[in-house]
Structures are given as C-alpha cells and as structure tokens.
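This is data.pdb. It holds PDB, C-alpha atoms.
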ATOM      1  CA  MET A   1      17.479  -4.210  26.055
ATOM      2  CA  ASP A   2      15.676  -4.461  29.412
ATOM      3  CA  ASN A   3      12.136  -5.625  30.187
ATOM      4  CA  ILE A   4      11.734  -7.872  27.162
ATOM      5  CA  ASP A   5       8.180  -9.027  26.487
ATOM      6  CA  VAL A   6       8.735 -11.756  23.894
ATOM      7  CA  VAL A   7      11.793 -13.901  23.215
ATOM      8  CA  VAL A   8      11.764 -16.064  20.101
ATOM      9  CA  VAL A   9      14.297 -18.873  19.881
ATOM     10  CA  GLY A  10      14.123 -20.035  16.311
ATOM     11  CA  SER A  11      14.938 -19.786  12.647
ATOM     12  CA  CYS A  12      15.866 -17.059  10.209
ATOM     13  CA  MET A  13      15.523 -17.528   6.439
ATOM     14  CA  ARG A  14      15.764 -15.546   3.249
ATOM     15  CA  ASP A  15      12.541 -16.072   1.296
ATOM     16  CA  LEU A  16      12.777 -16.609  -2.475
ATOM     17  CA  VAL A  17       9.202 -16.390  -3.728
ATOM     18  CA  THR A  18       7.728 -17.249  -7.120
ATOM     19  CA  TYR A  19       4.106 -16.473  -7.996
ATOM     20  CA  VAL A  20       2.462 -18.875 -10.465
ATOM     21  CA  ALA A  21      -0.994 -19.526 -11.885
ATOM     22  CA  GLN A  22      -0.935 -23.095 -10.571
ATOM     23  CA  PHE A  23       1.548 -25.400  -8.895
ATOM     24  CA  PRO A  24       3.575 -27.570 -11.297
ATOM     25  CA  SER A  25       2.888 -31.292 -11.432
ATOM     26  CA  PRO A  26       5.850 -33.663 -10.955
ATOM     27  CA  GLY A  27       8.176 -33.232 -13.932
ATOM     28  CA  GLU A  28       6.382 -30.094 -15.159
ATOM     29  CA  THR A  29       7.977 -26.674 -15.664
ATOM     30  CA  VAL A  30       5.764 -23.622 -15.301
ATOM     31  CA  PRO A  31       6.562 -19.912 -15.692
ATOM     32  CA  CYS A  32       6.136 -17.467 -12.822
ATOM     33  CA  HIS A  33       4.658 -14.027 -13.381
ATOM     34  CA  ARG A  34       6.468 -12.460 -10.420
ATOM     35  CA  PHE A  35       9.553 -13.128  -8.308
ATOM     36  CA  GLU A  36      10.318 -11.516  -4.957
ATOM     37  CA  THR A  37      12.771 -11.914  -2.107
ATOM     38  CA  GLY A  38      12.082 -11.149   1.524
ATOM     39  CA  PHE A  39      12.966 -11.918   5.102
ATOM     40  CA  GLY A  40      11.507 -15.045   6.636
ATOM     41  CA  GLY A  41      11.999 -18.084   8.805
ATOM     42  CA  LYS A  42       9.222 -18.988  11.218
ATOM     43  CA  GLY A  43      11.111 -17.706  14.227
ATOM     44  CA  ALA A  44      12.044 -14.388  12.644
ATOM     45  CA  ASN A  45       8.521 -13.925  11.296
ATOM     46  CA  GLN A  46       6.927 -14.448  14.693
ATOM     47  CA  CYS A  47       9.414 -12.124  16.358
ATOM     48  CA  ILE A  48       8.868  -9.354  13.784
ATOM     49  CA  MET A  49       5.077  -9.683  14.077
ATOM     50  CA  ALA A  50       5.210  -9.279  17.853
ATOM     51  CA  ALA A  51       7.542  -6.282  17.463
ATOM     52  CA  LYS A  52       5.324  -4.585  14.862
ATOM     53  CA  LEU A  53       2.428  -4.768  17.312
ATOM     54  CA  GLY A  54       4.474  -3.093  20.023
ATOM     55  CA  ALA A  55       6.054  -5.904  22.037
ATOM     56  CA  LYS A  56       9.644  -5.446  23.177
ATOM     57  CA  SER A  57      11.052  -8.439  21.332
ATOM     58  CA  ALA A  58      14.335 -10.324  21.227
ATOM     59  CA  MET A  59      15.578 -12.968  18.799
ATOM     60  CA  VAL A  60      17.884 -15.892  19.565
ATOM     61  CA  ALA A  61      19.208 -17.307  16.291
ATOM     62  CA  LYS A  62      22.188 -18.150  14.098
ATOM     63  CA  LEU A  63      23.033 -16.742  10.668
ATOM     64  CA  GLY A  64      25.774 -17.337   8.143
ATOM     65  CA  GLU A  65      28.584 -14.857   7.651
ATOM     66  CA  ASP A  66      27.112 -13.746   4.333
ATOM     67  CA  ASP A  67      25.015 -10.997   2.768
ATOM     68  CA  ILE A  68      21.806 -12.713   3.862
ATOM     69  CA  GLY A  69      23.001 -12.818   7.456
ATOM     70  CA  ARG A  70      24.060  -9.186   7.469
ATOM     71  CA  SER A  71      20.828  -7.948   5.890
ATOM     72  CA  THR A  72      18.782 -10.066   8.312
ATOM     73  CA  LEU A  73      20.504  -8.391  11.250
ATOM     74  CA  GLU A  74      19.740  -4.996   9.709
ATOM     75  CA  ASN A  75      16.088  -5.996   9.325
ATOM     76  CA  PHE A  76      15.828  -6.911  13.003
ATOM     77  CA  THR A  77      17.429  -3.633  13.988
ATOM     78  CA  SER A  78      15.004  -1.668  11.801
ATOM     79  CA  HIS A  79      12.131  -3.223  13.786
ATOM     80  CA  ALA A  80      13.759  -2.513  17.173
ATOM     81  CA  VAL A  81      14.338  -6.220  17.867
ATOM     82  CA  CYS A  82      17.096  -7.036  20.364
ATOM     83  CA  THR A  83      19.806  -9.035  18.556
ATOM     84  CA  ASP A  84      22.265  -9.589  21.403
ATOM     85  CA  HIS A  85      21.871 -13.336  20.886
ATOM     86  CA  VAL A  86      21.775 -13.454  17.086
ATOM     87  CA  LYS A  87      25.163 -14.851  16.059
ATOM     88  CA  CYS A  88      26.819 -15.058  12.642
ATOM     89  CA  VAL A  89      28.817 -18.278  12.229
ATOM     90  CA  GLY A  90      31.417 -19.232   9.628
ATOM     91  CA  GLY A  91      31.497 -22.233   7.344
ATOM     92  CA  VAL A  92      27.757 -22.363   6.678
ATOM     93  CA  ALA A  93      25.252 -20.332   4.686
ATOM     94  CA  SER A  94      22.258 -18.531   6.130
ATOM     95  CA  GLY A  95      18.952 -20.354   5.790
ATOM     96  CA  VAL A  96      16.868 -20.029   2.628
ATOM     97  CA  ALA A  97      13.181 -20.780   1.951
ATOM     98  CA  LEU A  98      11.998 -21.562  -1.586
ATOM     99  CA  ILE A  99       8.332 -20.541  -1.765
ATOM    100  CA  THR A 100       5.799 -20.948  -4.553
ATOM    101  CA  VAL A 101       2.428 -19.164  -4.377
ATOM    102  CA  ASN A 102      -0.492 -19.974  -6.687
ATOM    103  CA  GLU A 103      -3.290 -17.660  -7.838
ATOM    104  CA  SER A 104      -5.482 -18.778  -4.916
ATOM    105  CA  GLY A 105      -2.876 -17.556  -2.449
ATOM    106  CA  GLU A 106      -1.906 -21.085  -1.375
ATOM    107  CA  ASN A 107       1.788 -21.857  -1.000
ATOM    108  CA  THR A 108       4.359 -24.620  -0.936
ATOM    109  CA  ILE A 109       7.662 -24.160   0.879
ATOM    110  CA  VAL A 110      11.010 -25.973   0.788
ATOM    111  CA  ILE A 111      13.633 -24.844   3.294
ATOM    112  CA  ALA A 112      17.433 -25.114   3.262
ATOM    113  CA  PRO A 113      18.134 -24.654   6.997
ATOM    114  CA  GLY A 114      21.824 -23.700   6.747
ATOM    115  CA  ALA A 115      22.978 -21.934   9.919
ATOM    116  CA  ASN A 116      19.706 -22.757  11.667
ATOM    117  CA  GLU A 117      21.000 -26.306  12.103
ATOM    118  CA  ARG A 118      23.835 -24.896  14.237
ATOM    119  CA  MET A 119      21.322 -23.914  16.915
ATOM    120  CA  ASP A 120      22.504 -26.385  19.553
ATOM    121  CA  ALA A 121      21.476 -26.375  23.201
ATOM    122  CA  ALA A 122      24.399 -24.088  24.040
ATOM    123  CA  VAL A 123      22.414 -21.142  22.648
ATOM    124  CA  THR A 124      19.864 -21.695  25.417
ATOM    125  CA  GLU A 125      22.595 -21.559  28.049
ATOM    126  CA  GLU A 126      24.059 -18.390  26.545
ATOM    127  CA  ALA A 127      20.659 -16.688  26.475
ATOM    128  CA  ALA A 128      19.489 -18.095  29.819
ATOM    129  CA  ASP A 129      19.206 -14.732  31.588
ATOM    130  CA  LEU A 130      17.224 -13.259  28.696
ATOM    131  CA  ILE A 131      14.867 -16.240  28.546
ATOM    132  CA  ALA A 132      14.336 -16.337  32.294
ATOM    133  CA  SER A 133      13.474 -12.642  32.558
ATOM    134  CA  CYS A 134      10.982 -12.214  29.691
ATOM    135  CA  LYS A 135       7.212 -12.707  29.703
ATOM    136  CA  VAL A 136       6.706 -15.138  26.792
ATOM    137  CA  VAL A 137       9.049 -17.532  24.983
ATOM    138  CA  VAL A 138       8.217 -18.898  21.536
ATOM    139  CA  CYS A 139       9.812 -21.881  19.756
ATOM    140  CA  GLN A 140       9.247 -23.745  16.482
ATOM    141  CA  LEU A 141      10.845 -26.774  14.796
ATOM    142  CA  GLU A 142      13.016 -25.146  12.129
ATOM    143  CA  ILE A 143      15.828 -25.550  14.664
ATOM    144  CA  PRO A 144      16.931 -28.826  16.339
ATOM    145  CA  PRO A 145      14.288 -30.251  18.729
ATOM    146  CA  PRO A 146      16.780 -30.716  21.629
ATOM    147  CA  THR A 147      17.321 -26.942  21.615
ATOM    148  CA  VAL A 148      13.582 -26.364  21.656
ATOM    149  CA  LYS A 149      13.218 -28.732  24.594
ATOM    150  CA  ALA A 150      16.021 -27.053  26.551
ATOM    151  CA  THR A 151      14.590 -23.588  25.895
ATOM    152  CA  LEU A 152      11.026 -24.395  26.869
ATOM    153  CA  LEU A 153      12.171 -26.333  29.942
ATOM    154  CA  LEU A 154      14.259 -23.369  31.143
ATOM    155  CA  ALA A 155      11.415 -20.930  30.537
ATOM    156  CA  LYS A 156       8.888 -23.162  32.275
ATOM    157  CA  THR A 157      11.064 -23.580  35.369
ATOM    158  CA  LYS A 158      11.403 -19.787  35.590
ATOM    159  CA  GLY A 159       7.654 -19.208  35.355
ATOM    160  CA  VAL A 160       7.790 -17.774  31.833
ATOM    161  CA  LYS A 161       4.801 -18.507  29.590
ATOM    162  CA  THR A 162       5.697 -20.786  26.669
ATOM    163  CA  ILE A 163       4.287 -21.127  23.161
ATOM    164  CA  PHE A 164       5.343 -24.115  21.069
ATOM    165  CA  ASN A 165       4.593 -24.061  17.355
ATOM    166  CA  PRO A 166       5.816 -27.477  16.124
ATOM    167  CA  ALA A 167       6.351 -26.491  12.511
ATOM    168  CA  PRO A 168       7.392 -28.268  10.451
ATOM    169  CA  ALA A 169       5.901 -31.132  12.441
ATOM    170  CA  VAL A 170       7.862 -34.348  12.908
ATOM    171  CA  SER A 171       6.516 -37.652  14.160
ATOM    172  CA  GLY A 172       8.103 -39.232  17.217
ATOM    173  CA  LEU A 173       8.721 -35.889  18.911
ATOM    174  CA  ASP A 174      10.031 -36.107  22.493
ATOM    175  CA  GLU A 175       6.802 -35.741  24.476
ATOM    176  CA  THR A 176       8.640 -33.928  27.254
ATOM    177  CA  ILE A 177       8.348 -30.859  25.032
ATOM    178  CA  TYR A 178       4.567 -30.989  25.413
ATOM    179  CA  SER A 179       4.850 -30.953  29.195
ATOM    180  CA  VAL A 180       6.720 -27.624  29.110
ATOM    181  CA  SER A 181       4.379 -25.986  26.583
ATOM    182  CA  ASP A 182       1.708 -23.703  27.991
ATOM    183  CA  ILE A 183       0.256 -23.368  24.503
ATOM    184  CA  LEU A 184       0.667 -25.868  21.673
ATOM    185  CA  CYS A 185      -0.302 -24.183  18.392
ATOM    186  CA  VAL A 186      -0.545 -26.206  15.171
ATOM    187  CA  ASN A 187      -2.176 -25.970  11.757
ATOM    188  CA  GLU A 188      -4.164 -28.727  10.038
ATOM    189  CA  THR A 189      -1.117 -30.534   8.624
ATOM    190  CA  GLU A 190       0.817 -30.394  11.873
ATOM    191  CA  ALA A 191      -2.222 -31.501  13.875
ATOM    192  CA  THR A 192      -2.645 -34.502  11.566
ATOM    193  CA  ILE A 193       0.996 -35.572  11.923
ATOM    194  CA  LEU A 194       1.169 -35.131  15.687
ATOM    195  CA  SER A 195      -2.259 -36.478  16.633
ATOM    196  CA  GLY A 196      -2.760 -39.170  13.991
ATOM    197  CA  VAL A 197      -6.201 -37.669  13.286
ATOM    198  CA  GLU A 198      -6.831 -36.577   9.691
ATOM    199  CA  VAL A 199      -7.770 -32.915  10.139
ATOM    200  CA  ASP A 200      -9.916 -31.513   7.328
ATOM    201  CA  GLY A 201     -12.293 -29.194   9.150
ATOM    202  CA  VAL A 202     -13.705 -28.034  12.455
ATOM    203  CA  GLU A 203     -15.063 -31.360  13.730
ATOM    204  CA  SER A 204     -11.918 -33.355  13.005
ATOM    205  CA  ALA A 205      -9.858 -30.507  14.506
ATOM    206  CA  LYS A 206     -11.849 -30.902  17.738
ATOM    207  CA  THR A 207     -10.889 -34.573  17.826
ATOM    208  CA  ALA A 208      -7.242 -33.708  17.210
ATOM    209  CA  VAL A 209      -7.329 -31.105  19.984
ATOM    210  CA  MET A 210      -8.597 -33.680  22.472
ATOM    211  CA  THR A 211      -5.962 -36.183  21.343
ATOM    212  CA  LEU A 212      -3.133 -33.676  21.704
ATOM    213  CA  LEU A 213      -4.467 -32.406  25.008
ATOM    214  CA  SER A 214      -4.370 -35.972  26.333
ATOM    215  CA  LYS A 215      -0.584 -35.902  26.022
ATOM    216  CA  ASP A 216       1.186 -35.168  29.275
ATOM    217  CA  GLY A 217       1.516 -31.461  29.301
ATOM    218  CA  PRO A 218       0.103 -28.758  27.077
ATOM    219  CA  GLY A 219      -1.871 -26.169  28.992
ATOM    220  CA  ALA A 220      -3.903 -25.463  25.866
ATOM    221  CA  VAL A 221      -4.025 -26.771  22.298
ATOM    222  CA  LEU A 222      -4.887 -24.531  19.352
ATOM    223  CA  VAL A 223      -5.482 -25.808  15.809
ATOM    224  CA  THR A 224      -5.525 -23.049  13.204
ATOM    225  CA  LEU A 225      -7.690 -23.787  10.164
ATOM    226  CA  GLY A 226      -7.070 -20.783   7.921
ATOM    227  CA  SER A 227     -10.365 -19.411   6.662
ATOM    228  CA  GLN A 228     -12.256 -21.815   8.966
ATOM    229  CA  GLY A 229     -10.863 -20.170  12.089
ATOM    230  CA  VAL A 230      -9.341 -21.793  15.163
ATOM    231  CA  VAL A 231     -10.336 -24.725  17.355
ATOM    232  CA  TYR A 232      -8.953 -24.748  20.898
ATOM    233  CA  ARG A 233      -9.329 -26.097  24.388
ATOM    234  CA  GLN A 234      -7.615 -25.273  27.667
ATOM    235  CA  ARG A 235      -6.713 -28.079  30.043
ATOM    236  CA  GLY A 236      -9.298 -28.459  32.767
ATOM    237  CA  GLN A 237     -11.800 -26.234  30.952
ATOM    238  CA  PRO A 238     -14.902 -27.054  28.842
ATOM    239  CA  GLY A 239     -14.493 -27.434  25.121
ATOM    240  CA  PRO A 240     -13.206 -27.752  22.487
ATOM    241  CA  HIS A 241     -14.372 -24.378  21.171
ATOM    242  CA  HIS A 242     -14.482 -23.028  17.628
ATOM    243  CA  VAL A 243     -13.512 -19.413  16.966
ATOM    244  CA  ALA A 244     -14.695 -18.281  13.524
ATOM    245  CA  VAL A 245     -12.854 -15.626  11.506
ATOM    246  CA  GLU A 246     -14.023 -12.976   9.090
ATOM    247  CA  SER A 247     -13.945 -14.087   5.459
ATOM    248  CA  VAL A 248     -11.369 -12.204   3.369
ATOM    249  CA  LYS A 249      -9.938 -12.472  -0.127
ATOM    250  CA  ALA A 250      -6.530 -14.116   0.273
ATOM    251  CA  VAL A 251      -3.718 -12.820  -1.902
ATOM    252  CA  ASP A 252      -0.855 -14.726  -0.277
ATOM    253  CA  THR A 253      -1.183 -16.964   2.783
ATOM    254  CA  THR A 254       2.583 -17.269   3.306
ATOM    255  CA  GLY A 255       3.396 -16.425   6.911
ATOM    256  CA  ALA A 256      -0.220 -16.224   8.083
ATOM    257  CA  GLY A 257       0.394 -18.836  10.762
ATOM    258  CA  ASP A 258       3.462 -16.935  11.932
ATOM    259  CA  ALA A 259       1.452 -13.705  12.055
ATOM    260  CA  PHE A 260      -1.042 -15.508  14.292
ATOM    261  CA  VAL A 261       1.623 -16.917  16.628
ATOM    262  CA  GLY A 262       3.511 -13.628  16.825
ATOM    263  CA  ALA A 263       0.292 -11.760  17.589
ATOM    264  CA  LEU A 264      -0.657 -14.348  20.199
ATOM    265  CA  ALA A 265       2.721 -13.895  21.901
ATOM    266  CA  PHE A 266       2.137 -10.132  21.879
ATOM    267  CA  TYR A 267      -1.258 -10.419  23.541
ATOM    268  CA  LEU A 268      -0.119 -12.935  26.145
ATOM    269  CA  SER A 269       2.786 -10.693  27.103
ATOM    270  CA  ARG A 270       1.119  -7.266  27.005
ATOM    271  CA  TYR A 271      -2.492  -8.136  27.869
ATOM    272  CA  PRO A 272      -2.151 -11.073  30.283
ATOM    273  CA  SER A 273      -5.613 -10.523  31.764
ATOM    274  CA  LEU A 274      -7.388 -11.112  28.432
ATOM    275  CA  PRO A 275      -9.163 -14.474  28.140
ATOM    276  CA  LEU A 276      -7.423 -16.876  25.756
ATOM    277  CA  GLU A 277     -10.412 -16.835  23.394
ATOM    278  CA  GLU A 278     -10.171 -13.061  23.045
ATOM    279  CA  CYS A 279      -6.428 -13.347  22.339
ATOM    280  CA  ILE A 280      -7.234 -15.925  19.655
ATOM    281  CA  LYS A 281      -9.893 -13.692  18.086
ATOM    282  CA  ARG A 282      -7.584 -10.699  17.906
ATOM    283  CA  SER A 283      -4.640 -12.738  16.636
ATOM    284  CA  SER A 284      -6.884 -14.241  13.950
ATOM    285  CA  SER A 285      -7.968 -10.767  12.852
ATOM    286  CA  ILE A 286      -4.342  -9.722  12.469
ATOM    287  CA  ALA A 287      -3.476 -12.888  10.520
ATOM    288  CA  ALA A 288      -6.480 -12.189   8.250
ATOM    289  CA  VAL A 289      -5.047  -8.766   7.452
ATOM    290  CA  SER A 290      -1.697 -10.332   6.537
ATOM    291  CA  VAL A 291      -3.135 -12.666   3.883
ATOM    292  CA  GLN A 292      -4.561  -9.715   1.961
ATOM    293  CA  ALA A 293      -1.086  -8.596   0.886
ATOM    294  CA  SER A 294       1.799 -10.409  -0.786
ATOM    295  CA  GLY A 295       5.016 -11.332   0.950
ATOM    296  CA  THR A 296       5.695 -12.564   4.440
ATOM    297  CA  GLN A 297       6.953  -9.977   6.904
ATOM    298  CA  THR A 298       6.029  -7.218   4.455
ATOM    299  CA  SER A 299       2.394  -8.316   4.739
ATOM    300  CA  PHE A 300       2.361  -8.063   8.534
ATOM    301  CA  PRO A 301       0.436  -4.988   9.696
ATOM    302  CA  SER A 302       1.875  -2.588  12.246
ATOM    303  CA  ARG A 303      -0.088  -1.401  15.256
ATOM    304  CA  GLN A 304      -0.771   1.918  13.496
ATOM    305  CA  GLN A 305      -2.473   0.103  10.613
ATOM    306  CA  LEU A 306      -4.929  -1.747  12.856
ATOM    307  CA  PRO A 307      -8.144  -0.712  14.644
ATOM    308  CA  PRO A 308      -7.647   0.669  18.189
ATOM    309  CA  THR A 309     -10.201  -1.875  19.416
ATOM    310  CA  LEU A 310      -7.524  -4.564  19.034
ATOM    311  CA  PHE A 311      -5.462  -2.843  21.719
ATOM    312  CA  THR A 312      -7.808  -2.564  24.676
ATOM    313  CA  ASP A 313      -7.838  -4.437  27.986
ATOM    314  CA  SER A 314     -11.328  -5.810  27.507
TER     315      SER A 314
END
Represent the supplied structure as structure tokens.
Amino acid sequence: MDNIDVVVVGSCMRDLVTYVAQFPSPGETVPCHRFETGFGGKGANQCIMAAKLGAKSAMVAKLGEDDIGRSTLENFTSHAVCTDHVKCVGGVASGVALITVNESGENTIVIAPGANERMDAAVTEEAADLIASCKVVVCQLEIPPPTVKATLLLAKTKGVKTIFNPAPAVSGLDETIYSVSDILCVNETEATILSGVEVDGVESAKTAVMTLLSKDGPGAVLVTLGSQGVVYRQRGQPGPHHVAVESVKAVDTTGAGDAFVGALAFYLSRYPSLPLEECIKRSSSIAAVSVQASGTQTSFPSRQQLPPTLFTDS
C-alpha cells in the first residue's frame, strides 16, 4: 500500500471480556452477567481507529501461528489496514487481554503478551521504508521498549511525526524515547508513574504536564483525564491548557484512550494545519462516542457515524 498516513508499531491482543456488577475483592469470586470476545491490543486498537476515520493505516506487529493470529489478520484486512509487516511466528501464542468491566463502565485489564514480546528491534529495520515514508508513527509499551526507541528514533530522523503512548507505563524508562516523541500522551495512571506527581484531576495534571515537559524532548505532553477532559502543553508555548469534554453516560470505557490516540494520529496525518487543541477536541469527541457502547474496537465509530463538522479543515 502506497502513501500511508499512519503506521502503528505495537501490540495485538484477543480481548476476553467479563461484565460484572462490581469488581471482586481479593479472594472473592463474583458472577458475570455477560462474556464477550473481541480484537484488541493497544497498537491494533489505535491502528483500527485511525483506519475507521479514513486514514490509510499500516500495522507492524507479531502474532502467534494460531486461530487468534489468523482472525486478527482477517480483522485488519476487513478494515483495509496494510499488514505487510504483521508476521505470524511459531512457538508462541498470540497475545491475550483479560478484561473486567463493572456497571459504571470502569475496567481492569491483565495482559498475556505472547507474541508481542517477540517484537525486537529487527522489526523496525524490516519496516524501515514504511516508517520513513508515512506521515505519523505511533508506539506504545505493550512491546519491548528498545523496539519503541528504535522506531521513534528512525521516524524522527526521517521527519515523520511521532506519537508515544507509554502504556502500560514503566518507571525508569530510557529518557531518550522522550527526545524522539513529538507528542507524549498519557492517562492519569501513566502520568503519575512517569512524573512522580499524583494525578487526580485537572490541577495535578497541569503539574504533571510541566514535569514531563521538563524532560529532554517531548514536543507536547497530553494527559487524558476521561470525563474531565485533557490537559496539555506544547513546548515553547503558553500553558498548560485544559480542554473540557462533553459529559456522556459511559457504558464501557475499555479502549477509550486508544480511540483518542488513534483519532489524534488521524488528525495529525490528514489535517496537519489544524491547531493541536482542535485535534484534541475532535479526538476527545470521538473517544466520548466510543465509551457509549460496549467492546473495544466494536465501539469505535466510523467516519460515516460521526458529524461532518469533525472532518473540516477549520
């Protein structure tokens, strides 16, 4: 596929989702009233979201040689995602995410990475031409950090815009990764781990943004706060700023952050003249739509399901 807008180098998972009235306490067994399976993995989610909005998207990933791997490839194909660099490898299972959702729409997630752990730096070398020729590259931390570093470094040296979503966050991360991240996008938990600031609302998020921006590198830092919106600042610009979001009734928040990141990648690639704040507003609106339906990728709206005002140049 030529003229790729968004390349995502990241994880693929099979989601196993249980819906419960409330999360179990340690040692407690609770019944679920619904069980579903779906496609997931932060990388795959972000790639599918960008594709559903109309970006020409490509995935760089590893899967097991199993039914999950084969069905994941079929899912990418059904969304017109380029899979030239999605490889099935033997001797390891595809990744799986165990998700529990309570009646408030909150979730807990445990991942079994499987083939995602085979994403060594060689995948960056193999996909170098693809990465160097696209408009936006997105990485997360469900694959080994050295691969993330190599990918973002390559993209940065080729003038490709980079989005780093350090999820799940790990302390002691190589700070070189920050220096090759045009946009660092984190949620409250990730911001707390990476900045050392306990983030519990807008004001503490502003402090975390300034702390993370002081690291050598990120062009902008975004902290997503769910129903409280997004706090961000661009390097060398005034701020931090708070972008509020419309209040909605959440059914399932699983994948909302990925919907936001995927939408952000779409806007940065297809509407590069839009101010960052406008990209954040539109991405937040799309993420808000996703939480009003159950599932992960199945909750992501397509371009046809969204207002035309989200797809203008101003």
| field | Interatomic distance (Å, one decimal) between CA of Gln140 in chain A and CA of Ser11 in chain A | value | 7.9 Å
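Within 8 Å of the point (10.8, -21.9, 27.0), and counting all atoms listed in the file, the protein, DNA and RNA residues are Ile131, Val136, Val137, Val138, Cys139, Val148, Lys149, Ala150, Thr151, Leu152, Leu153, Leu154, Ala155, Lys156, Val160, Lys161, Thr162, Ile163, Val180 and Ser181 of chain A.
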Who sits within 12 Å of Glu277 in chain A, only C-alpha atoms, same chain under 2 positions skipped, as a compact mmCIF listing (two decimals) with C-alpha atoms, in the frame of the given file:
# COMPACT_ATOMS: atom_id res chain seq x y z
CA ALA A 220 -3.90 -25.46 25.87
CA VAL A 221 -4.03 -26.77 22.30
CA LEU A 222 -4.89 -24.53 19.35
CA GLY A 229 -10.86 -20.17 12.09
CA VAL A 230 -9.34 -21.79 15.16
CA VAL A 231 -10.34 -24.72 17.36
CA TYR A 232 -8.95 -24.75 20.90
CA ARG A 233 -9.33 -26.10 24.39
CA GLN A 234 -7.62 -25.27 27.67
CA GLY A 239 -14.49 -27.43 25.12
CA PRO A 240 -13.21 -27.75 22.49
CA HIS A 241 -14.37 -24.38 21.17
CA HIS A 242 -14.48 -23.03 17.63
CA VAL A 243 -13.51 -19.41 16.97
CA ALA A 244 -14.70 -18.28 13.52
CA LEU A 264 -0.66 -14.35 20.20
CA TYR A 267 -1.26 -10.42 23.54
CA LEU A 268 -0.12 -12.94 26.14
CA SER A 273 -5.61 -10.52 31.76
CA LEU A 274 -7.39 -11.11 28.43
CA PRO A 275 -9.16 -14.47 28.14
CA CYS A 279 -6.43 -13.35 22.34
CA ILE A 280 -7.23 -15.92 19.66
CA LYS A 281 -9.89 -13.69 18.09
CA ARG A 282 -7.58 -10.70 17.91
CA SER A 283 -4.64 -12.74 16.64
CA SER A 284 -6.88 -14.24 13.95
CA SER A 314 -11.33 -5.81 27.51
| task | Could you check which of A:Lys52, A:Gly40, A:Asp129, A:Pro168 is closest to Arg303 in chain A, using all atoms listed in the file? | result | A:Lys52
| task | Report as a ChimeraX atom specification the residues that result from applying the PyMOL selection byres ((chain A and resi 18) around 12) to the structure here. | result | /A:15-17,19-24,30-38,97-103,105-109,252,254,294-295
| task | Between CA of Val60 in chain A and CA of Ala112 in chain A, measure the distance and give it in Å to one decimal. | result |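 Here the two named atoms are 18.7 Å from each other.
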| request: Can you work out the spacing between CA of Asp174 in chain A and CA of Gly219 in chain A in Å, to one decimal? | output: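 CA of Asp174 in chain A sits 16.8 Å away from CA of Gly219 in chain A.
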| query | Care to translate the PyMOL selection byres ((chain A and resi 116) around 12) into actual residues of this file, as a ChimeraX atom specification? | reply | /A:9-14,41-44,60-64,69,86-89,92-97,111-115,117-120,123,140-145,147
| field | Result set of the PyMOL selection byres ((chain A and resi 199) around 12) on the coordinates above, as a PyMOL selection string | value | chain A and resi 186-198+200-209+211+223-225+231
| task | Counting all atoms listed in the file, figure out which residue out of A:Met210, A:Arg70, A:His85, A:Pro238 gets nearest to Glu125 in chain A. | result |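 Checking each candidate against Glu125 in chain A, we get A:His85 as the closest.
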| said: Let me make sure I understand: among A:Lys158, A:Pro218, A:Gly172, A:Ser133, which one has the smallest atom-to-atom distance to Asn3 in chain A if we use only C-alpha atoms? | reply: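 For Asn3 in chain A, the nearest of the candidates is A:Ser133.
Among the candidates A:Met49, A:Pro146, A:Gln304, A:Leu276, the residue lying nearest to Leu173 in chain A is A:Pro146 (atoms considered: only C-alpha atoms).
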| Which one of A:Gln292, A:Ser57, A:Thr29, A:Thr157 sits closest to Gly262 in chain A if you count only C-alpha atoms? |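 With only C-alpha atoms as the atom set, the closest residue is A:Ser57.
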Since the input is missing atoms, can you rebuild N, CA and C atoms for range 217-229 of chain A and write them as a short mmCIF file (atom, residue, chain, number, x, y, z; two decimals), in the coordinates of the input?
data_model
loop_
_atom_site.label_atom_id
_atom_site.label_comp_id
_atom_site.auth_asym_id
_atom_site.auth_seq_id
_atom_site.Cartn_x
_atom_site.Cartn_y
_atom_site.Cartn_z
N GLY A 217 0.91 -32.76 29.23
CA GLY A 217 1.52 -31.46 29.30
C GLY A 217 0.87 -30.21 28.83
N PRO A 218 0.49 -30.08 27.57
CA PRO A 218 0.10 -28.76 27.08
C PRO A 218 -1.00 -28.13 27.91
N GLY A 219 -0.83 -26.85 28.25
CA GLY A 219 -1.87 -26.17 28.99
C GLY A 219 -3.07 -25.86 28.13
N ALA A 220 -2.83 -25.70 26.83
CA ALA A 220 -3.90 -25.46 25.87
C ALA A 220 -3.42 -25.92 24.50
N VAL A 221 -4.34 -26.37 23.68
CA VAL A 221 -4.03 -26.77 22.30
C VAL A 221 -4.87 -25.93 21.36
N LEU A 222 -4.22 -25.34 20.37
CA LEU A 222 -4.89 -24.53 19.35
C LEU A 222 -4.61 -25.14 17.99
N VAL A 223 -5.64 -25.37 17.20
CA VAL A 223 -5.48 -25.81 15.81
C VAL A 223 -6.01 -24.70 14.91
N THR A 224 -5.11 -24.11 14.13
CA THR A 224 -5.52 -23.05 13.20
C THR A 224 -5.96 -23.68 11.89
N LEU A 225 -7.08 -23.18 11.35
CA LEU A 225 -7.69 -23.79 10.16
C LEU A 225 -7.82 -22.79 9.01
N GLY A 226 -6.99 -21.76 8.99
CA GLY A 226 -7.07 -20.78 7.92
C GLY A 226 -8.41 -20.08 7.93
N SER A 227 -9.09 -20.11 6.80
CA SER A 227 -10.36 -19.41 6.66
C SER A 227 -11.47 -19.98 7.55
N GLN A 228 -11.25 -21.20 8.09
CA GLN A 228 -12.26 -21.82 8.97
C GLN A 228 -12.06 -21.45 10.44
N GLY A 229 -11.05 -20.64 10.73
CA GLY A 229 -10.86 -20.17 12.09
C GLY A 229 -9.93 -21.02 12.91
#
